[in-house]
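Below is work.txt, holding compact mmCIF, C-alpha atoms.
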```
# COMPACT_ATOMS: atom_id res chain seq x y z
CA MET F 98 -14.36 -17.17 1.91
CA GLY F 99 -14.84 -14.47 4.52
CA ASP F 100 -14.12 -11.92 1.82
CA GLU F 101 -17.45 -10.19 1.97
CA PRO F 102 -16.94 -6.45 2.00
CA LEU F 103 -17.31 -4.98 5.43
CA PRO F 104 -20.52 -3.10 6.00
CA HIS F 105 -20.05 0.50 4.94
CA ALA F 106 -16.59 -0.31 3.65
CA HIS F 107 -17.20 -0.16 -0.06
CA GLU F 108 -20.45 1.12 -1.43
CA PRO F 109 -20.28 4.69 -0.21
CA ASN F 110 -16.72 4.91 -1.45
CA ASP F 111 -17.36 4.12 -5.08
CA GLU F 112 -18.06 7.75 -5.80
CA LEU F 113 -15.03 8.79 -3.82
CA ASP F 114 -12.85 6.35 -5.77
CA THR F 115 -14.02 8.00 -8.97
CA LEU F 116 -13.31 11.47 -7.60
CA LEU F 117 -9.81 10.48 -6.60
CA LEU F 118 -9.13 8.94 -10.00
CA ARG F 119 -10.29 12.17 -11.61
CA ALA F 120 -8.12 14.17 -9.23
CA ALA F 121 -5.20 12.03 -10.39
CA ASP F 122 -5.86 13.37 -13.86
CA GLY F 123 -5.51 16.92 -12.60
CA ASP F 124 -9.18 17.67 -11.90
CA ARG F 125 -9.15 20.14 -8.99
CA ASP F 126 -12.90 20.11 -8.52
CA ALA F 127 -12.75 16.36 -8.08
CA PHE F 128 -9.92 16.84 -5.60
CA ALA F 129 -12.06 19.34 -3.69
CA GLY F 130 -14.68 16.60 -3.44
CA VAL F 131 -12.10 14.23 -1.99
CA TYR F 132 -11.07 16.92 0.47
CA ASP F 133 -14.63 17.58 1.54
CA ALA F 134 -15.33 13.90 2.08
CA LEU F 135 -12.14 13.11 3.99
CA ALA F 136 -10.80 16.23 5.72
CA GLN F 137 -12.78 15.54 8.87
CA PRO F 138 -11.82 11.88 9.24
CA VAL F 139 -8.19 12.71 8.43
CA THR F 140 -8.14 15.50 11.01
CA GLY F 141 -9.94 13.31 13.53
CA LEU F 142 -7.42 10.52 13.14
CA ALA F 143 -4.45 12.89 13.31
CA CYS F 144 -5.94 14.60 16.33
CA ARG F 145 -6.45 11.29 18.06
CA ILE F 146 -2.80 10.40 17.52
CA LEU F 147 -1.24 13.83 18.09
CA ARG F 148 -3.67 15.12 20.72
CA ASP F 149 -3.31 18.59 19.36
CA SER F 150 -5.77 20.09 16.95
CA GLY F 151 -3.28 22.59 15.53
CA GLN F 152 -0.80 19.86 14.69
CA ALA F 153 -3.61 17.67 13.42
CA GLN F 154 -4.64 20.40 11.00
CA GLU F 155 -1.07 20.73 9.78
CA VAL F 156 -1.02 17.01 9.16
CA THR F 157 -4.31 17.29 7.29
CA GLN F 158 -2.88 19.98 5.08
CA ASP F 159 0.26 17.93 4.38
CA VAL F 160 -1.73 14.77 3.73
CA MET F 161 -4.14 16.50 1.38
CA ILE F 162 -1.30 17.99 -0.65
CA GLU F 163 0.31 14.56 -0.75
CA VAL F 164 -2.99 13.10 -1.94
CA TRP F 165 -3.11 15.65 -4.74
CA ARG F 166 0.51 15.17 -5.66
CA THR F 167 0.58 11.38 -5.64
CA ALA F 168 -3.04 10.62 -6.57
CA ASP F 169 -2.00 8.55 -9.53
CA ARG F 170 -0.53 5.97 -7.16
CA PHE F 171 -4.01 5.21 -5.91
CA ARG F 172 -5.01 1.72 -7.05
CA PRO F 173 -8.75 1.18 -6.82
CA ASP F 174 -8.15 -2.53 -7.28
CA LEU F 175 -6.25 -2.69 -4.00
CA GLY F 176 -8.63 -0.81 -1.74
CA SER F 177 -10.93 2.16 -1.45
CA ALA F 178 -9.92 5.80 -1.83
CA LYS F 179 -10.84 6.30 1.78
CA ALA F 180 -8.53 3.50 2.90
CA TRP F 181 -5.72 4.92 0.77
CA VAL F 182 -6.04 8.44 2.14
CA LEU F 183 -6.45 7.32 5.74
CA THR F 184 -3.39 5.08 5.40
CA LEU F 185 -1.36 8.11 4.27
CA ALA F 186 -2.82 10.15 7.12
CA HIS F 187 -2.05 7.52 9.72
CA ARG F 188 1.47 7.18 8.40
CA ARG F 189 2.07 10.95 8.59
CA ALA F 190 0.56 11.38 12.01
CA VAL F 191 2.57 8.48 13.38
CA ASP F 192 5.80 9.77 11.84
CA ARG F 193 5.10 13.13 13.37
CA VAL F 194 4.35 11.86 16.82
CA ARG F 195 7.52 9.80 16.68
CA SER F 196 9.67 12.72 15.65
CA VAL F 197 8.08 15.19 18.04
CA GLN F 198 8.53 13.16 21.17
CA ALA F 199 11.36 11.07 22.40
CA SER F 200 10.07 7.54 22.51
CA LYS F 201 10.78 7.30 26.19
CA ASP F 202 8.48 10.23 26.86
CA ARG F 203 5.75 8.64 24.97
CA GLU F 204 6.05 5.35 26.81
CA VAL F 205 5.85 7.10 30.13
CA ARG F 206 2.85 9.04 28.96
CA ALA F 207 1.22 5.92 27.59
CA GLY F 208 1.77 4.26 30.93
CA MET F 209 0.00 7.07 32.75
CA LEU F 210 -2.80 7.46 30.30
CA SER F 211 -4.59 4.21 30.55
CA PRO F 212 -5.50 3.24 27.00
CA ASP F 213 -8.81 2.03 28.34
CA ARG F 214 -9.78 5.30 29.87
CA ASP F 215 -8.78 7.10 26.77
CA PHE F 216 -10.84 4.75 24.73
CA ASP F 217 -13.91 5.09 26.94
CA GLN F 218 -13.85 8.85 26.55
CA VAL F 219 -13.92 8.50 22.82
CA ALA F 220 -16.71 5.96 23.02
CA GLU F 221 -18.83 8.54 24.83
CA THR F 222 -18.21 11.33 22.40
CA VAL F 223 -19.35 9.32 19.43
CA GLU F 224 -22.63 8.21 20.92
CA GLY F 225 -25.40 8.44 18.39
CA LEU F 226 -23.39 7.60 15.32
CA ASP F 227 -24.13 4.03 14.44
CA GLU F 228 -21.06 3.19 12.45
CA ARG F 229 -18.65 4.65 14.95
CA ARG F 230 -20.55 3.22 17.84
CA ARG F 231 -20.23 -0.19 16.30
CA VAL F 232 -16.46 0.23 15.91
CA HIS F 233 -16.12 1.24 19.50
CA ARG F 234 -18.40 -1.51 20.71
CA CYS F 235 -16.27 -4.01 18.85
CA LEU F 236 -13.09 -2.51 20.33
CA ALA F 237 -14.68 -2.79 23.73
CA ALA F 238 -15.55 -6.42 23.07
CA LEU F 239 -11.88 -7.31 22.61
CA ALA F 240 -10.05 -8.83 25.51
CA ARG F 241 -7.82 -6.25 27.14
CA LEU F 242 -4.74 -8.28 26.15
CA GLN F 243 -5.59 -7.79 22.51
CA ARG F 244 -7.04 -4.32 22.71
CA VAL F 245 -4.24 -2.53 24.52
CA PRO F 246 -1.42 -3.31 22.04
CA LEU F 247 -3.75 -2.41 19.18
CA VAL F 248 -4.75 0.92 20.70
CA LEU F 249 -1.20 1.84 21.70
CA ALA F 250 0.09 1.17 18.21
CA TYR F 251 -2.73 2.57 16.16
CA TYR F 252 -3.88 5.54 18.19
CA GLN F 253 -0.61 6.44 19.90
CA GLY F 254 1.79 5.61 17.12
CA MET F 255 3.94 3.30 19.20
CA THR F 256 6.13 0.71 17.51
CA CYS F 257 5.92 -2.94 18.46
CA ALA F 258 9.13 -2.57 20.44
CA GLU F 259 7.73 0.39 22.37
CA VAL F 260 4.49 -1.43 23.07
CA ALA F 261 6.49 -4.45 24.18
CA ARG F 262 8.58 -2.38 26.56
CA SER F 263 5.71 -0.49 28.05
CA LEU F 264 3.75 -3.66 28.66
CA SER F 265 6.81 -5.71 29.67
CA THR F 266 5.76 -8.30 27.13
CA PRO F 267 7.94 -9.97 24.48
CA GLU F 268 7.71 -8.34 21.07
CA GLY F 269 6.63 -11.55 19.37
CA THR F 270 3.74 -11.83 21.79
CA VAL F 271 2.77 -8.22 21.11
CA LYS F 272 2.71 -8.88 17.38
CA SER F 273 0.57 -11.95 17.69
CA ARG F 274 -1.83 -10.09 19.98
CA MET F 275 -2.12 -7.32 17.44
CA ARG F 276 -2.92 -9.88 14.84
CA LYS F 277 -5.44 -11.67 16.95
CA GLY F 278 -6.97 -8.34 17.95
CA LEU F 279 -7.45 -7.25 14.36
CA ASP F 280 -8.88 -10.65 13.44
CA GLN F 281 -11.42 -10.44 16.23
CA LEU F 282 -12.23 -6.85 15.46
CA ARG F 283 -12.87 -7.76 11.87
CA ALA F 284 -15.09 -10.67 12.85
CA CYS F 285 -17.09 -8.42 15.15
CA LEU F 286 -17.48 -5.69 12.52
CA GLU F 287 -18.48 -8.20 9.86
CA ALA F 288 -21.07 -9.69 12.15
CA GLY F 289 -22.54 -6.18 11.99
CA SER F 290 -23.93 -6.49 15.48
CA MET T 14 13.08 -10.29 21.13
CA THR T 15 14.39 -8.14 18.35
CA SER T 16 14.41 -10.56 15.42
CA PRO T 17 11.02 -11.57 14.14
CA ALA T 18 10.98 -15.32 13.83
CA ASP T 19 8.00 -15.51 11.55
CA PRO T 20 7.36 -12.72 9.04
CA HIS T 21 3.78 -13.92 8.59
CA LEU T 22 3.18 -12.58 12.04
CA ASP T 23 4.07 -9.06 10.95
CA ALA T 24 1.05 -8.33 8.76
CA ALA T 25 -1.00 -6.76 11.54
CA ALA T 26 1.89 -4.72 12.91
CA TYR T 27 2.68 -3.61 9.37
CA VAL T 28 -0.82 -2.31 8.75
CA LEU T 29 -0.70 -0.51 12.10
CA HIS T 30 2.56 1.19 11.01
CA ALA T 31 4.15 -0.33 14.09
CA LEU T 32 7.19 -1.92 12.46
CA PRO T 33 10.50 -0.05 12.56
CA PRO T 34 11.79 0.90 9.09
CA ALA T 35 14.12 -2.06 8.62
CA GLU T 36 11.47 -4.59 9.57
CA GLU T 37 8.92 -2.78 7.46
CA ALA T 38 11.15 -3.02 4.41
CA ALA T 39 11.86 -6.68 5.11
CA PHE T 40 8.16 -7.38 5.42
CA GLU T 41 7.43 -5.59 2.15
CA ASN T 42 9.96 -7.83 0.45
CA HIS T 43 8.37 -10.85 2.05
CA LEU T 44 4.96 -9.72 0.83
CA ALA T 45 6.04 -9.97 -2.77
CA GLY T 46 6.25 -13.72 -2.46
CA CYS T 47 3.56 -14.34 0.13
CA GLU T 48 0.08 -14.31 -1.24
CA ALA T 49 -1.47 -15.24 2.11
CA CYS T 50 0.24 -12.20 3.64
CA ARG T 51 -1.10 -9.92 0.92
CA GLY T 52 -4.57 -11.19 1.68
CA ASP T 53 -3.98 -10.56 5.40
CA VAL T 54 -2.75 -7.05 4.73
CA ALA T 55 -5.75 -6.20 2.55
CA GLY T 56 -8.14 -7.57 5.15
CA PHE T 57 -6.44 -5.86 8.08
CA ARG T 58 -6.34 -2.62 6.14
CA ARG T 59 -10.10 -2.65 5.67
CA THR T 60 -10.57 -3.21 9.37
CA VAL T 61 -8.11 -0.48 10.25
CA THR T 62 -9.85 1.90 7.86
CA LEU T 63 -12.97 1.45 9.94
CA LEU T 64 -10.97 2.21 13.07
CA ALA T 65 -9.70 5.35 11.41
CA SER T 66 -13.07 6.49 10.20
CA ALA T 67 -14.47 6.24 13.70
CA GLU T 68 -12.54 9.44 14.35
CA THR T 69 -13.66 12.76 13.05
CA ALA T 70 -12.89 16.34 13.93
CA PRO T 71 -14.09 19.68 12.66
CA VAL T 72 -11.84 21.41 10.18
CA PRO T 73 -11.73 25.19 9.83
CA GLU T 74 -12.96 26.50 6.49
CA GLN T 75 -9.72 28.41 6.02
CA LEU T 76 -7.78 25.14 5.89
CA ARG T 77 -9.76 24.15 2.83
CA ALA T 78 -8.97 27.44 1.14
CA SER T 79 -5.33 27.08 2.04
CA VAL T 80 -5.14 23.50 0.71
CA MET T 81 -6.91 24.45 -2.52
CA ALA T 82 -4.57 27.41 -3.00
CA GLN T 83 -1.57 25.17 -2.49
CA VAL T 84 -3.02 22.57 -4.84
CA SER T 85 -3.36 25.16 -7.57
CA ARG T 86 0.39 25.72 -7.55
CA THR T 87 1.55 22.18 -6.78
CA PRO T 88 2.37 20.02 -9.79
CA GLN T 89 1.32 16.41 -9.58
CA ASP T 90 3.76 13.54 -9.68
CA ARG T 91 2.57 12.13 -12.88
CA ALA T 92 4.83 9.29 -13.77
CA ARG T 93 2.29 7.42 -15.79
CA ARG T 94 -1.28 8.37 -16.07
CA THR T 95 -1.44 11.46 -18.18
CA SER T 96 2.03 12.34 -19.31
CA PRO T 97 2.74 11.28 -22.86
CA PRO T 98 5.99 9.36 -23.09
CA ARG T 99 8.45 12.09 -23.94
CA GLY T 100 12.04 11.38 -24.89
CA ARG T 101 11.09 7.80 -24.66
CA PHE T 102 14.24 6.11 -25.82
CA LEU T 103 16.49 3.95 -23.85
CA GLY T 104 17.56 3.44 -27.42
CA ARG T 105 17.27 0.39 -29.54
CA TYR T 106 20.91 -0.34 -28.88
CA GLY T 107 20.47 -0.12 -25.14
CA LEU T 108 17.48 -2.39 -25.25
CA ARG T 109 19.28 -4.91 -27.44
CA LEU T 110 22.21 -4.84 -25.11
CA ALA T 111 19.99 -5.43 -22.11
CA LEU T 112 18.15 -8.19 -23.90
CA ALA T 113 21.40 -9.79 -24.96
CA ALA T 114 22.66 -9.65 -21.40
CA SER T 115 19.51 -11.38 -20.18
CA VAL T 116 19.88 -14.06 -22.80
CA VAL T 117 23.48 -14.68 -21.80
CA ALA T 118 22.45 -14.90 -18.17
CA ALA T 119 19.69 -17.31 -19.06
CA ALA T 120 22.00 -19.51 -21.09
CA ALA T 121 24.51 -19.55 -18.27
CA LEU T 122 21.87 -20.85 -15.95
CA GLY T 123 21.42 -23.89 -18.16
CA ALA T 124 18.46 -25.35 -16.38
CA VAL T 125 16.50 -22.20 -16.95
CA ALA T 126 13.84 -23.84 -19.09
CA VAL T 127 13.05 -26.34 -16.38
CA ARG T 128 12.98 -23.66 -13.76
CA GLN T 129 10.78 -21.45 -15.87
CA HIS T 130 8.47 -24.35 -16.41
CA SER T 131 8.12 -25.02 -12.71
CA GLU T 132 7.71 -21.33 -12.03
CA ALA T 133 5.00 -21.22 -14.63
CA GLU T 134 3.25 -24.09 -12.86
CA ASP T 135 3.73 -22.31 -9.60
CA ALA T 136 2.30 -19.13 -11.11
CA ARG T 137 -0.73 -21.03 -12.35
CA ALA T 138 -1.31 -22.55 -8.95
CA ARG T 139 -1.07 -19.08 -7.48
CA ALA T 140 -3.44 -17.83 -10.14
CA VAL T 141 -6.07 -20.27 -8.96
CA GLN T 142 -5.69 -18.96 -5.43
CA ALA T 143 -5.78 -15.45 -6.79
CA GLN T 144 -9.10 -16.17 -8.38
CA GLU T 145 -10.45 -17.16 -5.00
CA GLN T 146 -9.07 -14.01 -3.50
CA ALA T 147 -10.26 -11.78 -6.26
CA ARG T 148 -11.66 -9.23 -3.86
CA THR T 149 -8.64 -8.87 -1.65
CA ALA T 150 -5.97 -9.25 -4.28
CA GLY T 151 -7.66 -6.84 -6.63
CA GLU T 152 -9.84 -7.78 -9.51
CA ALA T 153 -7.69 -6.52 -12.34
CA PHE T 154 -4.78 -8.41 -10.87
CA ALA T 155 -6.71 -11.65 -10.61
CA ASP T 156 -8.28 -11.13 -14.03
CA VAL T 157 -4.91 -11.07 -15.70
CA LEU T 158 -3.51 -13.98 -13.71
CA THR T 159 -6.54 -16.12 -14.46
CA ALA T 160 -7.07 -15.06 -18.08
CA PRO T 161 -7.48 -18.08 -20.35
CA ASP T 162 -4.70 -16.80 -22.59
CA ALA T 163 -2.33 -15.83 -19.77
CA THR T 164 1.33 -16.55 -20.44
CA VAL T 165 4.08 -16.45 -17.84
CA HIS T 166 7.50 -15.03 -18.63
CA THR T 167 10.23 -15.24 -16.04
CA GLU T 168 13.61 -13.65 -15.90
CA GLU T 169 16.36 -13.19 -13.41
CA LEU T 170 17.15 -9.55 -12.75
CA THR T 171 20.73 -8.35 -12.58
CA ASP T 172 20.66 -8.53 -8.79
CA GLY T 173 19.57 -12.16 -8.84
CA THR T 174 15.96 -11.46 -7.97
CA SER T 175 13.55 -13.57 -9.96
CA ALA T 176 10.83 -11.63 -11.69
CA ALA T 177 7.86 -12.73 -13.71
CA VAL T 178 5.44 -11.04 -16.04
CA VAL T 179 2.04 -12.57 -16.68
CA VAL T 180 0.53 -11.35 -19.93
CA SER T 181 -2.98 -11.52 -21.24
CA ARG T 182 -3.09 -10.25 -24.81
CA GLN T 183 -6.85 -10.68 -24.78
CA GLN T 184 -7.16 -8.26 -21.88
CA ALA T 185 -4.30 -6.13 -23.15
CA ARG T 186 -2.81 -6.14 -19.69
CA ALA T 187 0.13 -7.55 -17.83
CA VAL T 188 1.08 -8.19 -14.22
CA PHE T 189 4.60 -7.86 -12.89
CA THR T 190 5.75 -9.76 -9.82
CA ALA T 191 9.13 -10.06 -8.21
CA ARG T 192 10.25 -12.03 -5.25
CA ASP T 193 12.69 -10.61 -2.71
CA LEU T 194 13.21 -7.36 -4.55
CA PRO T 195 15.59 -5.42 -2.27
CA ALA T 196 14.13 -2.42 -0.44
CA LEU T 197 15.17 0.97 -1.80
CA PRO T 198 15.95 4.13 0.12
CA GLY T 199 12.98 6.48 0.44
CA ASP T 200 14.06 8.72 -2.43
CA LYS T 201 14.15 5.88 -4.95
CA VAL T 202 11.49 3.75 -6.52
CA TYR T 203 11.27 0.82 -8.89
CA GLU T 204 9.66 1.80 -12.18
CA LEU T 205 8.32 -0.56 -14.81
CA TRP T 206 8.40 -0.02 -18.56
CA TYR T 207 6.77 -1.45 -21.61
CA ALA T 208 9.28 -1.85 -24.40
CA ALA T 209 8.16 -1.77 -28.01
CA GLU T 210 9.94 -3.69 -30.70
CA ALA T 211 11.33 -0.46 -32.12
CA GLY T 212 13.01 0.22 -28.78
CA GLY T 213 10.63 2.84 -27.39
CA LEU T 214 9.93 2.60 -23.68
CA ARG T 215 6.66 3.65 -22.10
CA PRO T 216 6.33 4.12 -18.33
CA ALA T 217 4.18 1.28 -16.98
CA GLY T 218 3.90 2.21 -13.34
CA LEU T 219 5.86 2.30 -10.12
CA LEU T 220 6.34 -0.51 -7.66
CA ASP T 221 5.41 1.63 -4.73
CA SER T 222 7.95 0.86 -2.04
CA THR T 223 5.60 2.20 0.58
CA GLY T 224 2.86 0.04 -0.84
CA ASP T 225 2.24 -3.48 0.24
CA ARG T 226 3.56 -5.64 -2.56
CA ALA T 227 6.19 -6.01 -5.20
CA SER T 228 3.62 -6.97 -7.75
CA ARG T 229 1.19 -4.92 -9.72
CA VAL T 230 -0.90 -4.65 -12.83
CA LEU T 231 1.10 -2.64 -15.31
CA GLU T 232 -0.22 0.79 -16.06
CA GLY T 233 -1.49 1.61 -19.52
CA PRO T 234 -2.29 -0.61 -22.46
CA LEU T 235 -0.06 -3.49 -23.37
CA GLY T 236 -0.19 -2.45 -27.02
CA ASP T 237 2.64 -3.82 -29.10
CA ALA T 238 5.01 -4.25 -26.19
CA VAL T 239 7.54 -7.06 -26.61
CA ALA T 240 9.23 -6.74 -23.25
CA VAL T 241 8.80 -5.33 -19.76
CA GLY T 242 11.71 -3.54 -18.14
CA ILE T 243 12.44 -2.44 -14.60
CA THR T 244 14.71 0.37 -13.47
CA VAL T 245 15.43 2.28 -10.28
CA GLU T 246 14.23 5.89 -10.53
CA PRO T 247 13.98 8.90 -8.25
CA ALA T 248 10.83 8.90 -6.09
CA GLY T 249 7.80 9.76 -8.16
CA GLY T 250 9.21 7.97 -11.17
CA SER T 251 10.56 9.27 -14.46
CA ASP T 252 9.20 9.76 -17.94
CA GLN T 253 12.17 7.91 -19.32
CA PRO T 254 14.66 5.60 -17.65
CA THR T 255 17.55 7.37 -15.93
CA THR T 256 19.43 4.22 -14.92
CA GLU T 257 20.46 0.95 -16.50
CA PRO T 258 17.62 -1.57 -16.38
CA LEU T 259 17.77 -4.19 -13.64
CA GLY T 260 16.25 -6.45 -16.19
CA ILE T 261 14.20 -6.68 -19.33
CA ILE T 262 11.73 -9.49 -19.53
CA PRO T 263 10.75 -10.49 -23.06
CA ILE T 264 7.03 -11.18 -23.26
CA GLY T 265 6.67 -12.42 -26.82
CA ALA T 266 4.88 -10.46 -29.50
```
The structure given in the file should be rewritten as structure tokens.
Amino acid sequence: MGDEPLPHAHEPNDELDTLLLRAADGDRDAFAGVYDALAQPVTGLACRILRDSGQAQEVTQDVMIEVWRTADRFRPDLGSAKAWVLTLAHRRAVDRVRSVQASKDREVRAGMLSPDRDFDQVAETVEGLDERRRVHRCLAALARLQRVPLVLAYYQGMTCAEVARSLSTPEGTVKSRMRKGLDQLRACLEAGS
Amino acid sequence: MTSPADPHLDAAAYVLHALPPAEEAAFENHLAGCEACRGDVAGFRRTVTLLASAETAPVPEQLRASVMAQVSRTPQDRARRTSPPRGRFLGRYGLRLALAASVVAAAALGAVAVRQHSEAEDARARAVQAQEQARTAGEAFADVLTAPDATVHTEELTDGTSAAVVVSRQQARAVFTARDLPALPGDKVYELWYAAEAGGLRPAGLLDSTGDRASRVLEGPLGDAVAVGITVEPAGGSDQPTTEPLGIIPIGA
């Protein structure tokens, strides 16, 4: 079925799921546990997208308050607490980067900042951490055609249309490359190699 | 190209938050009726979560203190989980009226029994797939759909959308699904209700418009509910309906 949980995707989160469910019932200590487990990944993701640690911390604060406020929308049957929180964080960071910069700006910047170079820098900084290294190795294993649209959208918050324009590629093609990229990334991560 | 030819293609872009708002809303509507897409979204989301967790950055201790201070004075949106149903009446009369309206609509359709039958078949076929996708679709969801005593109740909502409720009395749970439910503005949300015979309505969860499907396991125990209702409420949901129901779906006793 190909539905095996990804390595590291579920087990460590069971406890976190429980904490978030308790937070949804108004338990602040449980919420503090959620904060402690996820503040760093949330800030890291926001920082990656916004390239500004001050703004990233503001996003973290907003996201964490949103997590507290809307915790009872978390559905453990649809995914892990970590996935839920990081989805909110990604959403916020992307909205912010889109509102802060005119899209044109961002495309120019994206054009100058090669997504590959950017990605290699990150790969170096996470050396020594197996899980992250695997993610970056799998990203590196993608063909450039698939990797670039994925990185521009996910880490730079660009829409499909913006990616399409900055790569001079039809939007439909961009979407199918994103899809293929994620499929291949998943296969690589599941292979656990 | 500005118009997406094939919405199935959008699942990856959706998970990457790369669709503009209009396309995102359209895709969320499409998701309600596309089980394969829901599976794609769940799978992509797990992969993307790993991408996200490859990033980490130090956080100053003072941020924690500031968040915790803010938390201590921020009320939670608690549409369902812990708030007891206060002022819970749409009113027996209102419920009857809504029920009567649905019955009239059903009668007007004439062929409704046939259609319901085929939709029930369709739902069963989907239930079999759901069983196979138990992990991605969510276990509670699949459990209800595949329960031996599951019954399917369909109804057309006032806007023409077709909705269905699958009920398992054994599991004391129900699943709501709707196809092509129109997207709502950001400050509105669809809320579901359990209706008791006496006319009391209990909040049964929100159809999260920022979520990835227009189907969900209803919140809270099925209890003695005889119908499931759906209304449009302000974001965060309400403790009692504030608008006329879009529909009330009788689910037997």
Exercise answer, chain T residues close to chain F, 6 Å and only C-alpha atoms, as a PyMOL selection string: chain T and resi 14+25+29+31-32+60+62+65-71+89-90+151-152
Contacts of Pro198 in chain T at 12 Å (all atoms listed in the file; same-chain gap of 3+ positions) as JSON, numbers by chain: {"T": [34, 35, 38, 195, 201, 202, 203, 221, 222, 223, 245, 246, 247, 248]}
Which residue of T:Thr164, T:Leu76, T:Ala55, T:Leu219 approaches Gly250 in chain T most closely, using all atoms listed in the file: T:Leu219
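The gap separating CA of Ala196 in chain T from CA of Ala39 in chain T is 7.4 Å, in Å to one decimal.
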CA of Arg195 in chain F to CA of Leu147 in chain F, distance in Å rounded to a single decimal: 9.7 Å
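Using only C-alpha atoms, the smallest distance between any of T:Gly212, T:Leu194, T:Ala187, T:Ala82 and Phe40 in chain T comes from T:Leu194.
Minimum atom-to-atom distance to Thr171 in chain T, evaluated using only C-alpha atoms, belongs to T:Pro258 out of T:Pro258, T:Gly265, T:Pro33, T:Gly52.
The shortest atom-to-atom distance to Val180 in chain T, with only C-alpha atoms taken into account, belongs to T:Ile264 out of T:Ile264, T:Ile243, T:Ala238, T:Leu220.
Atom to atom, CA of Leu231 in chain T and CA of Ala217 in chain T stand 5.3 Å apart.
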Can you fill out range 155-169 of chain F with N, CA and C atoms and hand it back as a short mmCIF file (atom, residue, chain, number, x, y, z; two decimals), in the frame of the given file?
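The resulting file, result14.cif, is reproduced below:
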```
data_model
loop_
_atom_site.label_atom_id
_atom_site.label_comp_id
_atom_site.auth_asym_id
_atom_site.auth_seq_id
_atom_site.Cartn_x
_atom_site.Cartn_y
_atom_site.Cartn_z
N GLU F 155 -2.26 20.69 10.63
CA GLU F 155 -1.07 20.73 9.78
C GLU F 155 -0.89 19.40 9.05
N VAL F 156 -1.12 18.33 9.79
CA VAL F 156 -1.02 17.01 9.16
C VAL F 156 -2.06 16.89 8.05
N THR F 157 -3.26 17.36 8.31
CA THR F 157 -4.31 17.29 7.29
C THR F 157 -3.88 18.03 6.03
N GLN F 158 -3.34 19.21 6.23
CA GLN F 158 -2.88 19.98 5.08
C GLN F 158 -1.81 19.21 4.31
N ASP F 159 -0.81 18.68 5.04
CA ASP F 159 0.26 17.93 4.38
C ASP F 159 -0.28 16.71 3.65
N VAL F 160 -1.19 16.00 4.32
CA VAL F 160 -1.73 14.77 3.73
C VAL F 160 -2.51 15.12 2.47
N MET F 161 -3.31 16.16 2.53
CA MET F 161 -4.14 16.50 1.38
C MET F 161 -3.28 16.91 0.18
N ILE F 162 -2.20 17.63 0.46
CA ILE F 162 -1.30 17.99 -0.65
C ILE F 162 -0.64 16.72 -1.20
N GLU F 163 -0.28 15.82 -0.30
CA GLU F 163 0.31 14.56 -0.75
C GLU F 163 -0.69 13.77 -1.60
N VAL F 164 -1.94 13.79 -1.18
CA VAL F 164 -2.99 13.10 -1.94
C VAL F 164 -3.06 13.68 -3.35
N TRP F 165 -3.06 14.99 -3.42
CA TRP F 165 -3.11 15.65 -4.74
C TRP F 165 -1.89 15.28 -5.56
N ARG F 166 -0.73 15.36 -4.93
CA ARG F 166 0.51 15.17 -5.66
C ARG F 166 0.66 13.73 -6.15
N THR F 167 0.29 12.79 -5.31
CA THR F 167 0.58 11.38 -5.64
C THR F 167 -0.69 10.59 -5.99
N ALA F 168 -1.75 11.31 -6.34
CA ALA F 168 -3.04 10.62 -6.57
C ALA F 168 -2.94 9.50 -7.59
N ASP F 169 -2.00 9.62 -8.52
CA ASP F 169 -2.00 8.55 -9.53
C ASP F 169 -1.34 7.27 -9.02
#
```
